[in-house]
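Here's entry.tsv, which has TSV, C-alpha atoms:
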chain	number	residue	atom	x	y	z
A	1	MET	CA	-6.79	24.48	1.64
A	2	SER	CA	-6.23	21.70	-0.84
A	3	HIS	CA	-3.04	21.12	1.08
A	4	ILE	CA	-5.08	20.20	4.15
A	5	GLU	CA	-7.42	17.96	2.19
A	6	HIS	CA	-4.52	15.98	0.87
A	7	THR	CA	-3.01	15.71	4.28
A	8	ASN	CA	-6.21	14.02	5.42
A	9	ASP	CA	-6.13	11.74	2.41
A	10	LEU	CA	-2.64	10.65	3.16
A	11	ASP	CA	-3.44	9.83	6.77
A	12	HIS	CA	-5.37	6.88	5.40
A	13	ALA	CA	-3.03	6.27	2.49
A	14	ASP	CA	-2.31	2.71	1.53
A	15	ARG	CA	1.06	1.46	0.56
A	16	ALA	CA	1.48	-0.30	-2.76
A	17	PRO	CA	2.48	-3.93	-2.39
A	18	GLY	CA	6.18	-4.42	-2.90
A	19	ASP	CA	6.95	-0.77	-2.27
A	20	THR	CA	10.24	-0.49	-0.47
A	21	PRO	CA	10.12	1.61	2.67
A	22	VAL	CA	12.98	3.88	1.58
A	23	ASP	CA	12.54	7.60	2.06
A	24	GLY	CA	13.97	8.57	-1.29
A	25	HIS	CA	17.41	9.53	-0.02
A	26	GLU	CA	18.89	6.52	1.73
A	27	GLY	CA	18.59	2.95	0.52
A	28	ALA	CA	20.40	1.43	3.47
A	29	GLU	CA	17.30	0.55	5.48
A	30	GLY	CA	15.59	-1.08	2.49
A	31	LEU	CA	18.74	-3.02	1.68
A	32	GLY	CA	18.84	-4.35	5.24
A	33	THR	CA	15.31	-5.72	4.82
A	34	TYR	CA	16.32	-7.56	1.67
A	35	LEU	CA	19.47	-8.91	3.34
A	36	ILE	CA	17.48	-10.32	6.28
A	37	GLY	CA	15.03	-11.86	3.82
A	38	LEU	CA	17.82	-13.40	1.78
A	39	GLY	CA	19.45	-14.86	4.89
A	40	LEU	CA	16.23	-16.37	6.26
A	41	ALA	CA	15.15	-17.71	2.86
A	42	ALA	CA	18.57	-19.27	2.26
A	43	LEU	CA	18.51	-20.88	5.71
A	44	LEU	CA	15.04	-22.35	5.15
A	45	THR	CA	16.01	-23.59	1.68
A	46	VAL	CA	19.14	-25.30	2.98
A	47	VAL	CA	17.17	-26.98	5.78
A	48	SER	CA	14.54	-28.14	3.24
A	49	PHE	CA	17.11	-29.73	0.97
A	50	TYR	CA	18.84	-31.33	3.95
A	51	ILE	CA	15.63	-32.71	5.48
A	52	ALA	CA	14.53	-34.20	2.15
A	53	ARG	CA	17.42	-36.66	2.09
A	54	THR	CA	18.28	-37.19	5.74
A	55	ASP	CA	17.83	-40.46	7.62
A	56	LEU	CA	17.97	-38.72	10.99
A	57	VAL	CA	14.23	-38.15	11.37
A	58	TRP	CA	11.20	-40.39	11.24
A	59	GLN	CA	10.52	-40.77	7.50
A	60	PRO	CA	6.73	-40.08	7.42
A	61	SER	CA	7.37	-36.73	9.11
A	62	ILE	CA	9.49	-35.49	6.20
A	63	PRO	CA	6.67	-34.30	3.87
A	64	VAL	CA	5.06	-32.44	6.79
A	65	ALA	CA	8.37	-30.81	7.70
A	66	LEU	CA	8.92	-29.83	4.05
A	67	ALA	CA	5.45	-28.28	3.82
A	68	VAL	CA	6.00	-26.28	7.02
A	69	LEU	CA	9.41	-25.07	5.82
A	70	ALA	CA	7.98	-24.06	2.42
A	71	ILE	CA	5.11	-22.12	3.99
A	72	ALA	CA	7.56	-20.40	6.33
A	73	GLN	CA	9.76	-19.46	3.39
A	74	MET	CA	6.81	-18.08	1.44
A	75	GLY	CA	6.01	-15.98	4.51
A	76	VAL	CA	9.60	-14.70	4.58
A	77	HIS	CA	9.36	-13.76	0.89
A	78	LEU	CA	6.05	-11.96	1.44
A	79	VAL	CA	7.32	-9.96	4.40
A	80	PHE	CA	10.88	-9.14	3.38
A	81	PHE	CA	10.69	-9.05	-0.44
A	82	LEU	CA	7.08	-8.02	-1.12
A	83	HIS	CA	6.85	-5.89	2.07
A	84	ILE	CA	3.42	-7.16	3.04
A	85	THR	CA	3.01	-6.07	6.65
A	86	THR	CA	0.26	-5.92	9.25
A	87	GLY	CA	0.35	-2.12	9.26
A	88	PRO	CA	-2.79	-0.05	8.57
A	89	ASP	CA	-1.36	1.05	5.19
A	90	ASN	CA	-1.34	-2.60	4.11
A	91	VAL	CA	-4.86	-3.78	5.01
A	92	ASN	CA	-6.06	-3.93	1.41
A	93	ASN	CA	-3.00	-5.88	0.30
A	94	VAL	CA	-3.43	-8.35	3.15
A	95	MET	CA	-7.15	-8.80	2.47
A	96	ALA	CA	-6.49	-9.53	-1.21
A	97	LEU	CA	-3.77	-11.98	-0.20
A	98	ALA	CA	-6.10	-13.68	2.28
A	99	PHE	CA	-8.74	-14.12	-0.42
A	100	GLY	CA	-6.13	-15.54	-2.81
A	101	VAL	CA	-4.92	-17.98	-0.17
A	102	LEU	CA	-8.52	-19.05	0.52
A	103	ILE	CA	-9.10	-19.84	-3.17
A	104	VAL	CA	-5.77	-21.67	-3.44
A	105	LEU	CA	-6.57	-23.81	-0.39
A	106	LEU	CA	-10.07	-24.59	-1.69
A	107	ILE	CA	-8.74	-25.64	-5.10
A	108	ILE	CA	-5.92	-27.81	-3.76
A	109	THR	CA	-7.62	-29.50	-0.79
A	110	GLY	CA	-10.91	-29.82	-2.71
A	111	SER	CA	-9.24	-31.48	-5.70
A	112	LEU	CA	-7.18	-33.84	-3.56
A	113	TRP	CA	-10.14	-34.76	-1.36
A	114	ILE	CA	-12.48	-35.51	-4.26
A	115	MET	CA	-9.89	-37.35	-6.32
A	116	TYR	CA	-8.82	-39.46	-3.34
A	117	HIS	CA	-12.38	-40.64	-2.78
A	118	LEU	CA	-12.90	-41.19	-6.51
A	119	ASN	CA	-9.81	-43.38	-6.56
A	120	HIS	CA	-11.17	-45.36	-3.65
A	121	ASN	CA	-14.58	-45.90	-5.19
A	122	MET	CA	-13.39	-46.71	-8.68
A	123	MET	CA	-12.78	-50.27	-9.75
A	124	PRO	CA	-9.15	-51.11	-10.47
A	125	MET	CA	-7.88	-49.95	-13.84
A	126	GLU	CA	-7.30	-53.50	-15.17
A	127	GLN	CA	-10.96	-54.39	-14.71
A	128	ILE	CA	-12.07	-51.22	-16.54
A	129	MET	CA	-9.74	-52.12	-19.40
A	130	GLN	CA	-11.21	-55.62	-19.58
A	131	MET	CA	-14.77	-54.28	-19.61
A	132	GLN	CA	-13.87	-52.14	-22.61
A	133	ARG	CA	-12.69	-55.11	-24.65
B	1	MET	CA	8.76	19.38	8.20
B	2	SER	CA	5.04	19.87	7.55
B	3	ALA	CA	2.21	17.52	8.45
B	4	PHE	CA	2.25	16.39	4.83
B	5	ASP	CA	5.82	15.21	5.11
B	6	ALA	CA	5.10	13.30	8.29
B	7	ALA	CA	2.05	11.51	6.93
B	8	ALA	CA	3.28	10.52	3.49
B	9	PRO	CA	5.28	7.32	3.03
B	10	TYR	CA	7.13	9.25	0.30
B	11	PRO	CA	7.78	12.82	1.40
B	12	ALA	CA	7.59	15.38	-1.37
B	13	ARG	CA	10.97	15.98	-2.88
B	14	PRO	CA	12.49	19.37	-2.10
B	15	GLN	CA	12.36	20.58	-5.72
B	16	TRP	CA	8.58	20.15	-5.76
B	17	GLY	CA	8.37	23.03	-3.32
B	18	ASP	CA	5.82	23.64	-0.64
B	19	ARG	CA	2.99	25.10	-2.75
B	20	PRO	CA	-0.45	23.39	-2.53
B	21	SER	CA	-0.39	22.55	-6.24
B	22	ALA	CA	2.90	20.73	-5.83
B	23	ALA	CA	1.54	18.82	-2.87
B	24	ALA	CA	-1.58	17.92	-4.84
B	25	HIS	CA	0.62	16.74	-7.69
B	26	ALA	CA	2.70	14.61	-5.32
B	27	SER	CA	-0.36	13.02	-3.76
B	28	GLU	CA	-1.82	12.27	-7.20
B	29	LEU	CA	1.36	10.48	-8.22
B	30	LEU	CA	1.40	8.65	-4.91
B	31	SER	CA	-2.17	7.42	-5.17
B	32	LYS	CA	-1.63	6.33	-8.77
B	33	ARG	CA	1.37	4.30	-7.67
B	34	ILE	CA	-0.76	2.64	-4.99
B	35	VAL	CA	-3.61	1.88	-7.40
B	36	VAL	CA	-1.27	0.45	-10.03
B	37	GLY	CA	0.60	-1.64	-7.47
B	38	TYR	CA	-2.65	-2.92	-5.98
B	39	GLY	CA	-4.08	-3.82	-9.39
B	40	PHE	CA	-0.93	-5.73	-10.26
B	41	TRP	CA	-1.07	-7.45	-6.87
B	42	ILE	CA	-4.61	-8.68	-7.74
B	43	PHE	CA	-3.27	-9.99	-11.08
B	44	LEU	CA	-0.44	-11.80	-9.32
B	45	LEU	CA	-2.86	-13.43	-6.89
B	46	SER	CA	-5.00	-14.64	-9.79
B	47	ASP	CA	-1.83	-15.97	-11.42
B	48	ILE	CA	-1.08	-17.84	-8.20
B	49	VAL	CA	-4.63	-19.25	-8.24
B	50	MET	CA	-3.94	-20.50	-11.78
B	51	PHE	CA	-0.75	-22.15	-10.56
B	52	SER	CA	-2.70	-23.76	-7.72
B	53	THR	CA	-4.82	-25.60	-10.30
B	54	PHE	CA	-1.63	-26.95	-11.88
B	55	PHE	CA	-0.36	-27.93	-8.44
B	56	ALA	CA	-3.64	-29.72	-7.69
B	57	THR	CA	-3.43	-31.54	-11.04
B	58	TYR	CA	0.14	-32.56	-10.33
B	59	ALA	CA	-0.68	-33.79	-6.83
B	60	VAL	CA	-3.57	-35.88	-8.17
B	61	LEU	CA	-1.50	-37.38	-11.00
B	62	VAL	CA	1.86	-37.78	-9.26
B	63	GLY	CA	1.37	-41.53	-8.75
B	64	GLU	CA	0.07	-42.27	-12.27
B	65	THR	CA	3.36	-43.20	-13.85
B	66	ALA	CA	1.85	-45.79	-16.22
B	67	GLY	CA	4.79	-48.10	-15.57
B	68	GLY	CA	7.23	-45.31	-16.44
B	69	PRO	CA	9.83	-43.64	-14.27
B	70	SER	CA	8.75	-41.85	-11.07
B	71	GLY	CA	10.08	-38.59	-9.73
B	72	ALA	CA	12.47	-40.32	-7.34
B	73	GLU	CA	14.18	-41.97	-10.32
B	74	LEU	CA	14.27	-38.85	-12.51
B	75	PHE	CA	14.99	-35.82	-10.34
B	76	ASP	CA	18.50	-34.56	-9.72
B	77	LEU	CA	18.41	-32.52	-6.50
B	78	ARG	CA	21.80	-30.96	-7.18
B	79	ASN	CA	20.41	-29.31	-10.30
B	80	THR	CA	17.31	-28.20	-8.39
B	81	ALA	CA	19.47	-26.71	-5.62
B	82	ILE	CA	21.45	-24.64	-8.13
B	83	GLU	CA	18.24	-23.48	-9.81
B	84	THR	CA	16.83	-22.50	-6.41
B	85	ALA	CA	19.97	-20.54	-5.51
B	86	CYS	CA	19.85	-18.72	-8.87
B	87	LEU	CA	16.24	-17.68	-8.43
B	88	LEU	CA	16.63	-16.66	-4.77
B	89	LEU	CA	19.69	-14.53	-5.52
B	90	SER	CA	17.98	-12.96	-8.53
B	91	SER	CA	15.02	-12.09	-6.30
B	92	PHE	CA	17.43	-10.39	-3.90
B	93	THR	CA	19.20	-8.44	-6.64
B	94	CYS	CA	15.81	-7.44	-8.07
B	95	GLY	CA	15.08	-5.87	-4.68
B	96	ILE	CA	18.39	-3.97	-4.89
B	97	ALA	CA	17.44	-2.82	-8.39
B	98	SER	CA	14.11	-1.43	-7.17
B	99	ILE	CA	15.91	0.46	-4.39
B	100	GLY	CA	18.31	1.74	-7.04
B	101	ALA	CA	15.41	2.89	-9.21
B	102	GLN	CA	13.66	4.68	-6.35
B	103	THR	CA	16.80	6.38	-5.14
B	104	ARG	CA	17.80	7.11	-8.77
B	105	ARG	CA	21.19	5.47	-8.42
B	106	GLY	CA	22.10	4.27	-11.87
B	107	SER	CA	24.94	1.99	-10.80
B	108	TRP	CA	22.65	0.13	-8.35
B	109	PHE	CA	19.82	-0.10	-10.85
B	110	TYR	CA	21.72	-1.23	-13.95
B	111	GLY	CA	24.17	-3.39	-11.99
B	112	ALA	CA	21.50	-5.20	-10.02
B	113	MET	CA	19.23	-5.61	-13.06
B	114	THR	CA	22.11	-7.14	-15.01
B	115	VAL	CA	22.88	-9.58	-12.20
B	116	THR	CA	19.17	-10.41	-11.96
B	117	PHE	CA	19.10	-11.16	-15.68
B	118	VAL	CA	22.20	-13.36	-15.47
B	119	PHE	CA	20.76	-15.44	-12.60
B	120	GLY	CA	17.36	-15.68	-14.29
B	121	ALA	CA	18.93	-16.76	-17.58
B	122	ALA	CA	21.04	-19.36	-15.72
B	123	PHE	CA	17.84	-20.70	-14.16
B	124	ILE	CA	16.17	-21.01	-17.56
B	125	PHE	CA	19.27	-22.64	-19.03
B	126	LEU	CA	19.39	-25.27	-16.25
B	127	GLU	CA	15.68	-25.97	-16.57
B	128	ALA	CA	15.85	-26.29	-20.36
B	129	ARG	CA	18.79	-28.69	-19.99
B	130	GLU	CA	16.87	-30.75	-17.45
B	131	PHE	CA	13.83	-30.95	-19.76
B	132	ALA	CA	16.02	-31.93	-22.72
B	133	ASP	CA	17.65	-34.66	-20.60
B	134	LEU	CA	14.27	-36.04	-19.57
B	135	VAL	CA	12.98	-36.10	-23.13
B	136	ALA	CA	16.21	-37.77	-24.29
B	137	GLN	CA	15.71	-40.48	-21.62
B	138	GLY	CA	12.25	-41.16	-23.05
B	139	ALA	CA	10.61	-39.43	-20.09
B	140	GLY	CA	8.94	-36.68	-22.11
B	141	PRO	CA	5.49	-35.26	-21.39
B	142	THR	CA	3.81	-37.98	-23.44
B	143	ARG	CA	5.23	-40.83	-21.33
B	144	SER	CA	2.74	-40.77	-18.44
B	145	ALA	CA	0.11	-38.63	-16.75
B	146	PHE	CA	2.66	-37.86	-14.04
B	147	LEU	CA	5.13	-36.49	-16.59
B	148	SER	CA	2.42	-34.52	-18.43
B	149	ALA	CA	1.51	-32.81	-15.17
B	150	PHE	CA	5.20	-32.29	-14.31
B	151	PHE	CA	6.03	-30.61	-17.63
B	152	THR	CA	2.88	-28.48	-17.49
B	153	LEU	CA	3.55	-27.20	-13.97
B	154	VAL	CA	7.31	-26.67	-14.18
B	155	GLY	CA	7.13	-25.50	-17.81
B	156	CYS	CA	4.48	-22.91	-16.96
B	157	HIS	CA	6.74	-21.48	-14.28
B	158	GLY	CA	9.63	-21.51	-16.74
B	159	LEU	CA	7.55	-19.60	-19.28
B	160	HIS	CA	6.75	-17.02	-16.61
B	161	VAL	CA	10.46	-16.60	-15.85
B	162	THR	CA	11.22	-16.26	-19.58
B	163	ALA	CA	8.56	-13.56	-19.92
B	164	GLY	CA	10.02	-11.90	-16.81
B	165	LEU	CA	13.48	-11.84	-18.43
B	166	LEU	CA	12.09	-10.07	-21.52
B	167	TRP	CA	10.27	-7.62	-19.25
B	168	LEU	CA	13.51	-7.03	-17.32
B	169	LEU	CA	15.33	-6.05	-20.53
B	170	THR	CA	12.56	-3.67	-21.55
B	171	MET	CA	12.63	-2.10	-18.07
B	172	MET	CA	16.36	-1.42	-18.41
B	173	ALA	CA	15.79	0.04	-21.87
B	174	GLN	CA	12.91	2.22	-20.64
B	175	VAL	CA	14.90	3.63	-17.73
B	176	PHE	CA	17.84	4.20	-20.07
B	177	ALA	CA	15.71	5.98	-22.69
B	178	LYS	CA	13.21	7.85	-20.51
B	179	GLY	CA	14.87	8.16	-17.09
B	180	TYR	CA	13.33	7.65	-13.66
B	181	ARG	CA	9.91	9.06	-14.57
B	182	ALA	CA	6.96	8.30	-12.31
B	183	ASP	CA	5.29	6.04	-14.90
B	184	ILE	CA	8.52	4.14	-15.49
B	185	LEU	CA	8.96	3.69	-11.74
B	186	ARG	CA	5.41	2.28	-11.53
B	187	ARG	CA	6.31	-0.29	-14.20
B	188	MET	CA	9.45	-1.11	-12.25
B	189	LEU	CA	7.31	-1.67	-9.13
B	190	CYS	CA	5.12	-4.11	-11.09
B	191	PHE	CA	8.15	-5.89	-12.50
B	192	SER	CA	9.72	-6.41	-9.08
B	193	LEU	CA	6.39	-7.69	-7.72
B	194	PHE	CA	6.22	-10.14	-10.63
B	195	TRP	CA	9.77	-11.36	-10.13
B	196	HIS	CA	9.34	-11.86	-6.35
B	197	ALA	CA	6.05	-13.71	-6.94
B	198	LEU	CA	7.82	-16.09	-9.35
B	199	ASP	CA	10.27	-16.93	-6.58
B	200	ILE	CA	7.40	-17.65	-4.17
B	201	ILE	CA	5.88	-20.05	-6.70
B	202	TRP	CA	9.25	-21.69	-7.14
B	203	VAL	CA	9.44	-22.31	-3.37
B	204	ALA	CA	6.17	-24.26	-3.55
B	205	LEU	CA	7.38	-25.95	-6.72
B	206	PHE	CA	10.75	-27.24	-5.55
B	207	THR	CA	9.17	-28.43	-2.31
B	208	VAL	CA	6.14	-30.22	-3.77
B	209	VAL	CA	7.68	-31.54	-6.99
B	210	TYR	CA	11.36	-32.13	-6.32
B	211	LEU	CA	11.88	-32.55	-2.57
B	212	MET	CA	8.68	-34.47	-1.88
B	213	GLY	CA	9.18	-36.41	-5.12
B	214	VAL	CA	12.59	-37.59	-3.96
B	215	ALA	CA	11.69	-38.06	-0.29
B	216	ALA	CA	8.48	-40.03	-0.91

Please go through the file and, once you have read it, give me the structure as structure tokens.
Amino acid sequence: MSHIEHTNDLDHADRAPGDTPVDGHEGAEGLGTYLIGLGLAALLTVVSFYIARTDLVWQPSIPVALAVLAIAQMGVHLVFFLHITTGPDNVNNVMALAFGVLIVLLIITGSLWIMYHLNHNMMPMEQIMQMQR
Amino acid sequence: MSAFDAAAPYPARPQWGDRPSAAAHASELLSKRIVVGYGFWIFLLSDIVMFSTFFATYAVLVGETAGGPSGAELFDLRNTAIETACLLLSSFTCGIASIGAQTRRGSWFYGAMTVTFVFGAAFIFLEAREFADLVAQGAGPTRSAFLSAFFTLVGCHGLHVTAGLLWLLTMMAQVFAKGYRADILRRMLCFSLFWHALDIIWVALFTVVYLMGVAA
């Protein structure tokens, strides 16, 4: 009877973040996941370092390309190393991640936005220094 | 193969038997592992939020060099590339170590943990050398607001890696002394989460600080 209860529980069971999907006997499948992740991450890293110093592309596009590559690599790390998936056993992990990303974006864009406008509206530093004399 | 085996991500091990009490025990361990992992995931996300404040500070102050050297003059991308390779490979070997722990294969676990430690220590060594070089050039954290923000951001990540290395050693010692117990495996899960998260932060860090610093 308790057996059946627990079966129902486990139908809705979550998976802990970072838990490797190995079945306790074979590690080969889990190792494959890490190998794919390593390959993709290495590829993205190499491209990032190459793009940063190349003259082949339009220069103002480089920071944008670097940001895109970095976000892609963070996604690779999340999926292949931390095993965050879109599966139903991962909803809680994804929701927590989404909230974290929201806060991070608010902090970074908010700070940059406000400080940019402050810089614009402030008098040049030399004039402030002279006023303080 | 019962319904329990099909539904559980971790099927009960054969020696636990098929009795209801054993199944209840297995499910209790399973749910505890999920709760612990989830709680640590929340901690890691809050740690990432803390890093985002340092990133925001750095981005605001990156131009305020006070007449001192800028990132383009200071950063050595070759060093950064080696650091990045060390951390990425250590993240990979940490994954192998967690497979080794779960499948109770000592050679995988101890071997991969040792390699992880070596790569992590190499990362810390390279970073410490870089910091010492900068300070010796007169580009220490007191030189300009840009350098204060740089040392705070990169140094905070370095401190996290150092703490991770100490944790790594204690994990090896705990597995050695106590074996692959459920509570030890939960700590190992948290450690691997921590180590992978450090690598994610480093991805943002080498892009924003080093690559954009040199490209801009």

Hey, can you check how far atom CA of Thr162 of chain B sits from atom CA of Phe131 of chain B?
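One can read the atom CA of Thr162 of chain B to atom CA of Phe131 of chain B distance as 14.9 Å.
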
Got a sec to pull out which chain B residues are within 7 Å of chain A, counting only C-alpha atoms, and send them as a ChimeraX atom specification?
/B:3-4,7-8,10,20,23-24,27,33-34,37-38,41-42,45,49,52-53,56,60,92,95-96,99,102-103,189,193,196,200,203-204,207,211-212,215

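We find atom CA of Ala163 of chain B and atom CA of Arg105 of chain B to be spaced 25.6 Å apart.
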
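In this structure, atom CA of Gly71 of chain B sits 11.0 Å away from atom CA of Val208 of chain B.
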
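Checking B:Ser107, B:Ser91, B:Thr80, B:Ser144 one by one against Glu130 of chain B, counting only C-alpha atoms, you find the shortest gap at B:Thr80.
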
Residue among B:Val161, B:Met171, B:Ala197, B:Cys86 lying closest to Ala122 of chain B, counting only C-alpha atoms:
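Smallest separation from Ala122 of chain B among the options: B:Cys86.
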
Between A:Val91, A:Ala72, A:Gly32, A:Trp58, single out the one closest to Leu44 of chain A, counting all atoms listed in the file.
A:Ala72
